[in-house]
Amino acid sequence: MRVGIIIVTFNSQKDIPRLFESLIIQQYKNFTVYVVDNNSSDGTLDLISNYYGKLQICVITTKVNNGYAGGNNIGIRKAMDDKCDFVFILNPDMQLDRMCIKILIERIVSDEKIGVIGPIVLLGYEEGNRIQNYGVRSNFRTQKKNAPYANRKLSDEIPVEIYVDYVIGGAMMIRSSLLMKTGLFEEDYFMYNDELDLAYRIKKTGYKTLCMRDAIIRHFHIFDKKNKSGNNLMYYYIMRNRYLYFRKFHLYFNFLLSLIFEIFNFPFTIQWALKKKGGLLFLKFYYSGLWDGILGEKGIAKKSF
């Protein structure tokens with residue numbers, strides 16, 4: 001079975017060596033790496049060229065930043081044109097254990113009812129194998145989410161596999177045949193909420209989504225409040241796309257309930273922002289995203305983070 005690994009890069013120079021070295025040592029070898037570069041201005045593409053001959057790589061360069069959704073869709077279409085049976089979406093700041101792809105591909109091939117499969121994702125910058133994500137359970141109408149194993153230590157107490165509603169978009173393997181039925185990522189979002197939207201469509205087909213404990217990926221992302229620009233960007237899109245999702249699936253009652261919740265939760269949101277997310281500037285982007293979602297603004301944000 002041929003796997004197309006889709007990696008969207010945007011000034012990803014610091015992450016490329018770690019990710020690509022982990023791909024070289026994979027026990028499963030039947031894959032092509034499709035790099036979609038969203039107009040990087042650093043040395044990302046030069047670094048990738050060092051891996052020609054070590055990995056089978058197809059680089060697609062764009063002249064604009066297509067975001068997560070648009071960039072991945074470009075790579076997915078190319079992989080599907082090349083007859084890849086599965087696509088494996090990977091963020092550049094990931095590092096795979098050597099058995100990761102082998103475990104995932106063998107399990108998804110073993111059961112035709114599994115449409116999506118994902119690894120366990122550990123926090124890369126922390127000691128002790130603390131779990132960032134091992135699948136998400138979600139109410140697709142309200143968008144309420146629960147990551148049941150987040151922040152726990154990886155141990156034998158964690159189930160070997162669990163069925164979930166979706167896996168995080170930075171590390172997910174999908175059947176190409178399934179994407180032909182559901183369509184690809186929703187490009188109106190630009191980034192964030194993409195995997196929830198796709199998972200909702202996948203659930204309607206009856207396919208299952210599975211996570212595997214022994215397929216391990218480490219995520220090297222800075223989540224604390226010191227990463228102010230990253231937090232501002234993330235929560236702007238999270239809030240905006242929350243309301244674009246309600247609009248897309250005609251969930252207007254949930255749209256209204258969410259707005260009412262935000263009004264009554266305003267004092268607590270302020271406290272949370274001041275203590276955890278970097279203060280008043282963060283609040284500006286949080287509520288700016290909410291407002292743009294109400295107005296139906298789509299695509300890349302018209303603001304600087």
# chains A, B, ... in the order shown; residues from 1 in each chain; ligands from 1

$ residues_around --residues "region 191-202 of chain A" --least-positions-apart "5" --cutoff "10 Å" --atoms "only C-alpha atoms" --output "count of residues only"
49

$ residues_around --residues "Pro119 (chain A)" --least-positions-apart "5" --cutoff "9 Å" --atoms "only C-alpha atoms" --output "MDAnalysis selection string"
chainID A and resid 100:101 103:104 133:135 167 171:173 210:217

$ write_last_selection --atoms "N, CA, C and O atoms" --output "tab-separated table (two decimals), in the first residue's frame"
chain	number	residue	atom	x	y	z
A	100	CYS	N	6.22	4.01	13.68
A	100	CYS	CA	4.95	4.73	13.63
A	100	CYS	C	4.13	4.41	12.39
A	100	CYS	O	2.98	3.98	12.48
A	101	ILE	N	4.69	4.63	11.21
A	101	ILE	CA	3.92	4.43	9.99
A	101	ILE	C	3.55	2.97	9.81
A	101	ILE	O	2.43	2.64	9.39
A	103	ILE	N	2.92	0.68	12.09
A	103	ILE	CA	1.81	0.33	12.97
A	103	ILE	C	0.49	0.87	12.43
A	103	ILE	O	-0.53	0.17	12.39
A	104	LEU	N	0.52	2.12	11.97
A	104	LEU	CA	-0.71	2.74	11.46
A	104	LEU	C	-1.20	2.05	10.19
A	104	LEU	O	-2.39	1.74	10.05
A	133	ASN	N	-2.12	14.53	22.94
A	133	ASN	CA	-3.41	14.12	22.39
A	133	ASN	C	-3.40	12.63	22.04
A	133	ASN	O	-2.43	12.12	21.49
A	134	TYR	N	-4.48	11.97	22.41
A	134	TYR	CA	-4.71	10.58	22.01
A	134	TYR	C	-6.16	10.47	21.56
A	134	TYR	O	-6.96	9.74	22.12
A	135	GLY	N	-6.48	11.25	20.54
A	135	GLY	CA	-7.83	11.25	20.01
A	135	GLY	C	-8.74	12.23	20.73
A	135	GLY	O	-8.50	12.63	21.86
A	167	VAL	N	-9.02	12.68	15.07
A	167	VAL	CA	-7.64	12.82	15.54
A	167	VAL	C	-7.15	14.21	15.13
A	167	VAL	O	-7.69	14.82	14.20
A	171	ALA	N	-1.41	15.11	12.54
A	171	ALA	CA	-0.92	13.74	12.39
A	171	ALA	C	-2.10	12.81	12.18
A	171	ALA	O	-2.62	12.21	13.12
A	172	MET	N	-2.56	12.69	10.94
A	172	MET	CA	-3.72	11.85	10.66
A	172	MET	C	-3.55	11.16	9.31
A	172	MET	O	-3.16	11.77	8.32
A	173	MET	N	-3.84	9.85	9.28
A	173	MET	CA	-3.78	9.06	8.06
A	173	MET	C	-5.20	8.75	7.60
A	173	MET	O	-6.03	8.30	8.40
A	210	LEU	N	-9.72	5.73	14.40
A	210	LEU	CA	-9.01	4.97	15.42
A	210	LEU	C	-7.69	5.64	15.78
A	210	LEU	O	-7.04	6.25	14.93
A	211	CYS	N	-7.30	5.52	17.05
A	211	CYS	CA	-5.97	5.96	17.51
A	211	CYS	C	-5.19	4.77	18.04
A	211	CYS	O	-5.77	3.88	18.69
A	212	MET	N	-3.88	4.77	17.79
A	212	MET	CA	-3.02	3.67	18.19
A	212	MET	C	-1.96	4.17	19.18
A	212	MET	O	-1.19	5.08	18.86
A	213	ARG	N	-1.90	3.54	20.35
A	213	ARG	CA	-0.97	3.96	21.40
A	213	ARG	C	0.50	3.75	21.02
A	213	ARG	O	1.37	4.57	21.37
A	214	ASP	N	0.79	2.66	20.33
A	214	ASP	CA	2.18	2.31	20.07
A	214	ASP	C	2.75	2.99	18.84
A	214	ASP	O	3.95	2.85	18.54
A	215	ALA	N	1.91	3.72	18.11
A	215	ALA	CA	2.39	4.58	17.03
A	215	ALA	C	2.64	5.95	17.65
A	215	ALA	O	1.69	6.68	17.95
A	216	ILE	N	3.89	6.31	17.85
A	216	ILE	CA	4.24	7.47	18.67
A	216	ILE	C	4.80	8.60	17.82
A	216	ILE	O	5.69	8.39	16.98
A	217	ILE	N	4.27	9.79	18.06
A	217	ILE	CA	4.80	11.02	17.45
A	217	ILE	C	5.02	12.04	18.56
A	217	ILE	O	4.20	12.16	19.49

$ closest_residue --among "A:Met99, A:Arg175, A:Ser229, A:Tyr34" --to "Lys303 (chain A)" --atoms "only C-alpha atoms"
A:Ser229

$ select_by_dssp --residues "region 11-231 of chain A" --states "strand (DSSP E)" --output "MDAnalysis selection string"
chainID A and resid 31:37 57:61 86:90 94:96 114:123 131:133 137:138 145:146 161:164 171:175 208:219

$ residues_around --residues "region 76-80 of chain A" --least-positions-apart "4" --cutoff "12 Å" --atoms "only C-alpha atoms" --output "ChimeraX atom specification"
/A:2-8,31-36,57-60,68-72,84-90,173-180,183-185

$ closest_residue --among "A:Lys14, A:Ala150, A:Glu126, A:Met1" --to "Ser110 (chain A)" --atoms "only C-alpha atoms"
A:Met1

$ select_by_dssp --residues "region 17-60 of chain A" --states "helix (DSSP H, G or I)" --output "PyMOL selection string"
chain A and resi 17-24+44-49

$ atom_distance --atom1 "CA of Ser258 (chain A)" --atom2 "CA of Tyr287 (chain A)"
13.1 Å

$ residues_around --residues "Phe266 (chain A)" --least-positions-apart "5" --cutoff "12 Å" --atoms "only C-alpha atoms" --output "MDAnalysis selection string"
chainID A and resid 259:261 271:273 283 286:287

$ write_last_selection --atoms "N, CA, C and O atoms" --output "JSON list (two decimals), in the first residue's frame"
[["chain", "number", "residue", "atom", "x", "y", "z"],
["A", 259, "LEU", "N", -23.02, 32.24, 21.28],
["A", 259, "LEU", "CA", -22.89, 33.68, 21.51],
["A", 259, "LEU", "C", -23.37, 34.05, 22.92],
["A", 259, "LEU", "O", -22.75, 34.88, 23.61],
["A", 260, "ILE", "N", -24.48, 33.47, 23.33],
["A", 260, "ILE", "CA", -25.01, 33.74, 24.67],
["A", 260, "ILE", "C", -24.00, 33.31, 25.73],
["A", 260, "ILE", "O", -23.75, 34.02, 26.71],
["A", 261, "PHE", "N", -23.38, 32.14, 25.52],
["A", 261, "PHE", "CA", -22.36, 31.66, 26.45],
["A", 261, "PHE", "C", -21.19, 32.65, 26.53],
["A", 261, "PHE", "O", -20.70, 32.96, 27.63],
["A", 271, "GLN", "N", -10.24, 36.82, 32.97],
["A", 271, "GLN", "CA", -9.34, 36.22, 33.96],
["A", 271, "GLN", "C", -8.43, 35.19, 33.33],
["A", 271, "GLN", "O", -7.21, 35.14, 33.60],
["A", 272, "TRP", "N", -8.99, 34.33, 32.51],
["A", 272, "TRP", "CA", -8.23, 33.29, 31.83],
["A", 272, "TRP", "C", -7.17, 33.89, 30.92],
["A", 272, "TRP", "O", -6.00, 33.45, 30.92],
["A", 273, "ALA", "N", -7.53, 34.94, 30.18],
["A", 273, "ALA", "CA", -6.58, 35.58, 29.26],
["A", 273, "ALA", "C", -5.43, 36.22, 30.02],
["A", 273, "ALA", "O", -4.26, 36.12, 29.61],
["A", 283, "LEU", "N", -6.90, 39.11, 24.22],
["A", 283, "LEU", "CA", -8.35, 39.29, 24.21],
["A", 283, "LEU", "C", -8.82, 39.99, 22.93],
["A", 283, "LEU", "O", -9.89, 39.68, 22.40],
["A", 286, "TYR", "N", -8.94, 37.35, 20.30],
["A", 286, "TYR", "CA", -9.98, 36.38, 20.64],
["A", 286, "TYR", "C", -11.35, 36.91, 20.20],
["A", 286, "TYR", "O", -12.10, 36.22, 19.48],
["A", 287, "TYR", "N", -11.67, 38.14, 20.59],
["A", 287, "TYR", "CA", -12.99, 38.70, 20.27],
["A", 287, "TYR", "C", -13.05, 39.22, 18.83],
["A", 287, "TYR", "O", -14.13, 39.27, 18.24]]

$ closest_residue --among "A:Arg152, A:Lys276, A:Arg130, A:His250" --to "Arg218 (chain A)" --atoms "only C-alpha atoms"
A:Arg130

$ closest_residue --among "A:Lys203, A:Lys275, A:Lys102, A:Lys298" --to "Arg247 (chain A)" --atoms "only C-alpha atoms"
A:Lys298

$ residues_around --residues "Ser22 (chain A)" --least-positions-apart "5" --cutoff "10 Å" --atoms "only C-alpha atoms" --output "ChimeraX atom specification"
/A:16-17,94-98,100,217

$ atom_distance --atom1 "CA of Lys153 (chain A)" --atom2 "CA of Leu122 (chain A)"
9.0 Å

$ atom_distance --atom1 "CA of Leu47 (chain A)" --atom2 "CA of Ala301 (chain A)"
28.9 Å

$ closest_residue --among "A:His221, A:Glu187, A:Lys29, A:Glu157" --to "Ser12 (chain A)" --atoms "only C-alpha atoms"
A:His221
